[in-house]
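Participant: Pasting a structure below so you can have a look.
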Amino acid sequence: MSQYRYSTLAVHAGQHPDPLTGAINVPLYLSSTFELTGVGTDRGWDYSRAGNPTRDRLETALAALEGGHSGHAFTSGMAAISGLVAMLHTGDHLICSKDVYGGTARLFNQIVSHYGIEIEYVDTACVKAVAAAIKPNTKLVHIETPSNPLMVLSDIAAISEVAHAKGAEVSVDNTFMSPALQSPIALGADIVMHSTTKYLNGHSDGIGGALIGSKPEHKERFSFVQKAAGGIMSPFECFLVLRGIKTMPLRIKQHEENGRAVAEFLSQHPKVNLLAYPGLASHPQHALAVKQQKGFGSMMSFDIGTRTNAAKFLGAIKIFLNAESLGGVESLASHSATTTHGSVSAQEREEMGITEGRIRLSIGLEDKEDLIADLEQALAAV
Ligand SMILES: Cc1ncc(COP(=O)(O)O)c(C=O)c1O
């Protein structure tokens with residue numbers, strides 16, 4: 001289907017009518033096992049941990065949307081990251097963006113490091129720092145761009161070039177952008193990772209994750225991890241994500257329009273400090289955002305001074321909901337230090353710049369005038 005444009009792919013890739021009945025929606029195959037046709041022969045499926053017809057459809061769609069070779073759906077974004085590092089070995093070196101989702105750092109520091117894998121956090125906004133950190137045993141450079149919650153960008157093409165020159169692969173957490181706004185594989189990355197919980201599902205009614213590989217060896221590796229470690233997405237969740245994907249390009253357009261309007265409003269507000277939104281010309285990496293992204297998305301964060309001010313603001317919002325997560329139809333506001341980065345020590349948060357007064361916003365699909373009015377009255381309460 002690669003000849004088609006993006007919205008056509010979103011509606012049709014992996015979503016062809018059911019060959020048996022003609023149903024135009026992908027059927028929900030709630031079957032743990034499949035009748036075999038003989039000894040060692042089957043109709044393409046034998047056991048749902050190894051493969052399920054509904055999951056296959058989603059995996060096909062994900063590969064098409066990211067321009068990859070194969071898609072692999074996991075039970076959560078964290079399960080996808082676990083799958084990404086599952087095939088590393090004792091003695092391997094893993095480089096990770098310094099400003100990364102707190103759950104990723106928790107997994108790396110408190111589980112993956114126990115297996116003798118050396119993890120090094122690097123300021124991946126600086127390509128030279130990445131090049132300097134790569135060692136002969138570096139197997140993977142994992143970057144999150146834009147990062148959570150500070151919206152720091154890493155140059156995917158430049159990092160891929162330096163990593164490949166030294167024999168390391170590059171994986172990109174593309175959750176904040178969605179496949180609609182950033183194509184890491186086209187920029188040179190090897191693997192894309194998503195929390196499908198966010199823009200891909202888009203309706204805040206499920207948890208899931210995905211890996212998209214660019215080469216046949218990734219298909220072999222990640223299919224094996226799915227089967228051997230078992231963290232696969234359920235058919236029902238696959239159905240929801242397939243449904244979400246059909247409207248993703250349209251949703252992202254509105255997320256983006258609302259995001260820009262809210263960022264412009266906040267950028268003029270006297271109580272808002274250190275607003276991080278790559279779509280603003282004042283963002284230090286605006287030029288890189290223009291170069292590697294197809295839009296600026298609807299995630300942003302700002303500082304409101306103190307934890308007390310953050311609590312007053314979150315207590316006053318009426319349309320925005322005080323909740324973690326992002327990428328759903330409803331606008332959310334959250335206190336980064338106690339939510340996404342709650343498991344990161346206070347000292348590390350301080351070093352990262354995640355202050356006690358930092359608020360992250362995920363801009364939803366409500367009318368932008370209502371969202372701005374809500375923010376205005378909540379800021380007045382601070
Ligand atoms: C950037 C990013 N990566 C990964 C994850 C983990 O995804 P999940 O919550 O689906 O496990 C999150 C969750 O918030 C995230 O924001």
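Residues in the structure tokens are numbered from 1 in each chain, the chains being A, B, ... in the order shown, and ligands are numbered from 1 in the order shown.
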Excluding Ser298 of chain A and any residue of its chain fewer than 6 positions from it, enumerate the residues within 9 Å of it, using only C-alpha atoms, and give them as a list in words.
Facilitator: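 Near Ser298 of chain A, the qualifying residues are Phe176, Met177, Ile252, His255, Glu256, Glu257, Asn258, Gly259, Arg260, Val262, Ala263, Tyr277, Gly327, Leu361, Ser362, Ile363 and Gly364 of chain A.
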Participant: Counting only C-alpha atoms and all ligand atoms, what residues are within 8 Å of ligand 1, given as a CSV table (one decimal) with N, CA and C atoms, in the first residue's frame?
Facilitator:
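File produced: pocket-v9.csv:
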chain,number,residue,atom,x,y,z
A,75,THR,N,1.6,-5.3,25.1
A,75,THR,CA,0.5,-5.0,26.1
A,75,THR,C,0.5,-3.6,26.6
A,76,SER,N,1.7,-2.9,26.6
A,76,SER,CA,1.8,-1.5,27.0
A,76,SER,C,3.0,-0.9,26.3
A,77,GLY,N,3.2,0.4,26.4
A,77,GLY,CA,4.4,1.1,25.9
A,77,GLY,C,5.6,0.5,26.7
A,78,MET,N,5.4,0.3,28.0
A,78,MET,CA,6.6,-0.2,28.8
A,78,MET,C,6.9,-1.7,28.3
A,79,ALA,N,5.9,-2.5,28.0
A,79,ALA,CA,6.2,-3.8,27.5
A,79,ALA,C,6.9,-3.7,26.2
A,80,ALA,N,6.6,-2.7,25.3
A,80,ALA,CA,7.3,-2.6,24.1
A,80,ALA,C,8.8,-2.2,24.3
A,81,ILE,N,9.0,-1.3,25.3
A,81,ILE,CA,10.4,-0.9,25.6
A,81,ILE,C,11.2,-2.2,26.2
A,100,VAL,N,14.2,11.5,29.6
A,100,VAL,CA,13.4,10.5,29.1
A,100,VAL,C,12.2,10.3,30.0
A,101,TYR,N,11.1,9.7,29.5
A,101,TYR,CA,9.9,9.3,30.3
A,101,TYR,C,10.4,8.6,31.6
A,103,GLY,N,9.2,6.4,33.4
A,103,GLY,CA,9.0,4.9,33.4
A,103,GLY,C,10.1,4.2,32.7
A,104,THR,N,10.6,4.8,31.7
A,104,THR,CA,11.7,4.2,30.9
A,104,THR,C,12.9,4.1,31.7
A,144,GLU,N,14.3,9.8,22.9
A,144,GLU,CA,12.9,10.2,22.9
A,144,GLU,C,12.8,11.7,22.4
A,147,SER,N,11.1,15.2,24.1
A,147,SER,CA,11.1,14.5,25.3
A,147,SER,C,10.0,15.0,26.3
A,148,ASN,N,9.9,14.2,27.3
A,148,ASN,CA,8.7,14.3,28.2
A,148,ASN,C,9.3,14.8,29.6
A,173,ASP,N,11.5,6.7,20.6
A,173,ASP,CA,10.2,6.7,21.2
A,173,ASP,C,9.4,7.9,20.5
A,174,ASN,N,8.5,7.5,19.6
A,174,ASN,CA,7.8,8.5,18.8
A,174,ASN,C,6.4,8.8,19.3
A,175,THR,N,6.2,8.5,20.6
A,175,THR,CA,4.9,8.6,21.3
A,175,THR,C,4.3,10.0,21.2
A,176,PHE,N,5.2,11.0,21.5
A,176,PHE,CA,4.7,12.4,21.6
A,176,PHE,C,4.3,13.0,20.2
A,194,HIS,N,6.3,3.0,20.3
A,194,HIS,CA,5.1,3.8,20.6
A,194,HIS,C,4.4,3.3,21.9
A,195,SER,N,3.9,4.2,22.7
A,195,SER,CA,2.9,3.9,23.6
A,195,SER,C,1.6,4.1,22.8
A,196,THR,N,0.9,3.1,22.4
A,196,THR,CA,-0.3,3.2,21.6
A,196,THR,C,-1.4,3.8,22.4
A,197,THR,N,-1.2,3.7,23.8
A,197,THR,CA,-2.1,4.3,24.7
A,197,THR,C,-2.5,5.8,24.4
A,198,LYS,N,-1.5,6.4,23.7
A,198,LYS,CA,-1.7,7.9,23.5
A,198,LYS,C,-2.4,8.2,22.1
A,207,ILE,N,-4.6,0.5,27.0
A,207,ILE,CA,-3.1,0.6,27.2
A,207,ILE,C,-2.5,-0.3,26.2
A,208,GLY,N,-1.5,0.2,25.5
A,208,GLY,CA,-0.8,-0.7,24.6
A,208,GLY,C,0.5,-0.1,24.1
A,209,GLY,N,1.3,-0.9,23.4
A,209,GLY,CA,2.6,-0.4,23.0
A,209,GLY,C,3.0,-1.1,21.7
A,324,GLU,N,-2.7,12.0,34.4
A,324,GLU,CA,-1.5,11.6,33.6
A,324,GLU,C,-2.0,11.3,32.2
A,325,SER,N,-1.1,10.9,31.4
A,325,SER,CA,-1.3,10.4,30.0
A,325,SER,C,-1.5,11.6,29.1
A,326,LEU,N,-1.7,11.3,27.8
A,326,LEU,CA,-1.7,12.3,26.8
A,326,LEU,C,-2.3,11.7,25.5
A,340,THR,N,4.5,11.6,36.0
A,340,THR,CA,5.4,10.9,35.1
A,340,THR,C,6.8,10.7,35.6
Participant: For a quick check of understanding, using only C-alpha atoms, which of A:Phe74, A:Tyr121, A:Phe302, A:Phe320 has the smallest distance to Ala210 of chain A?
Facilitator: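 Selected residue with least distance to Ala210 of chain A: A:Phe74.
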Participant: Segment 279-345 of chain A: which residues are strand (DSSP E or B) by DSSP, as a PyMOL selection string?
Facilitator: chain A and resi 299-303+321-322+332-335
Participant: Pick the closest to Ala337 of chain A from A:Pro270, A:Gly231, A:Gly279, A:Pro149: which is it, counting only C-alpha atoms?
Facilitator: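 Looking only at the distances to Ala337 of chain A, the closest residue turns out to be A:Pro149.
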Participant: Find, counting only C-alpha atoms, the residue in A:Ser214, A:His341, A:Val241, A:Val329 that gets nearest to Val170 of chain A.
Facilitator: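 When distances to Val170 of chain A are compared using only C-alpha atoms, the smallest one comes from A:Ser214.
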Participant: What does the structure give for the distance between atom CA of Ser154 of chain A and atom CA of Val130 of chain A, in Å to one decimal?
Facilitator: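 Answer for the atom CA of Ser154 of chain A to atom CA of Val130 of chain A separation: 10.1 Å.
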Participant: I'd like the neighbourhood of Thr8 of chain A as number ranges by chain, where a residue qualifies if any of its atoms comes within 12 Å (using only C-alpha atoms), though same-chain residues fewer than 3 positions away should be ignored.
Facilitator: A: 1-5, 11-16, 61, 64-65, 245-250
Participant: May I have the residues within 6 Å of Ile143 of chain A as number ranges by chain, using only C-alpha atoms and disregarding those fewer than 3 positions away in the same chain?
Facilitator: A: 96-97, 172
Participant: Export, as a PDB file, in the first residue's frame, the selected residues with N, CA and C atoms.
Facilitator:
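Contents of part-v4.pdb, as written:
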ATOM      1  N   CYS A  96      20.877   6.175  26.396  1.00  0.00           N
ATOM      2  CA  CYS A  96      19.478   6.628  26.450  1.00  0.00           C
ATOM      3  C   CYS A  96      19.446   8.142  26.643  1.00  0.00           C
ATOM      4  N   SER A  97      18.458   8.786  26.027  1.00  0.00           N
ATOM      5  CA  SER A  97      18.288  10.243  26.238  1.00  0.00           C
ATOM      6  C   SER A  97      18.184  10.531  27.734  1.00  0.00           C
ATOM      7  N   VAL A 172      13.686   5.067  18.402  1.00  0.00           N
ATOM      8  CA  VAL A 172      13.069   6.368  18.721  1.00  0.00           C
ATOM      9  C   VAL A 172      11.707   6.149  19.357  1.00  0.00           C
TER      10      VAL A 172
END
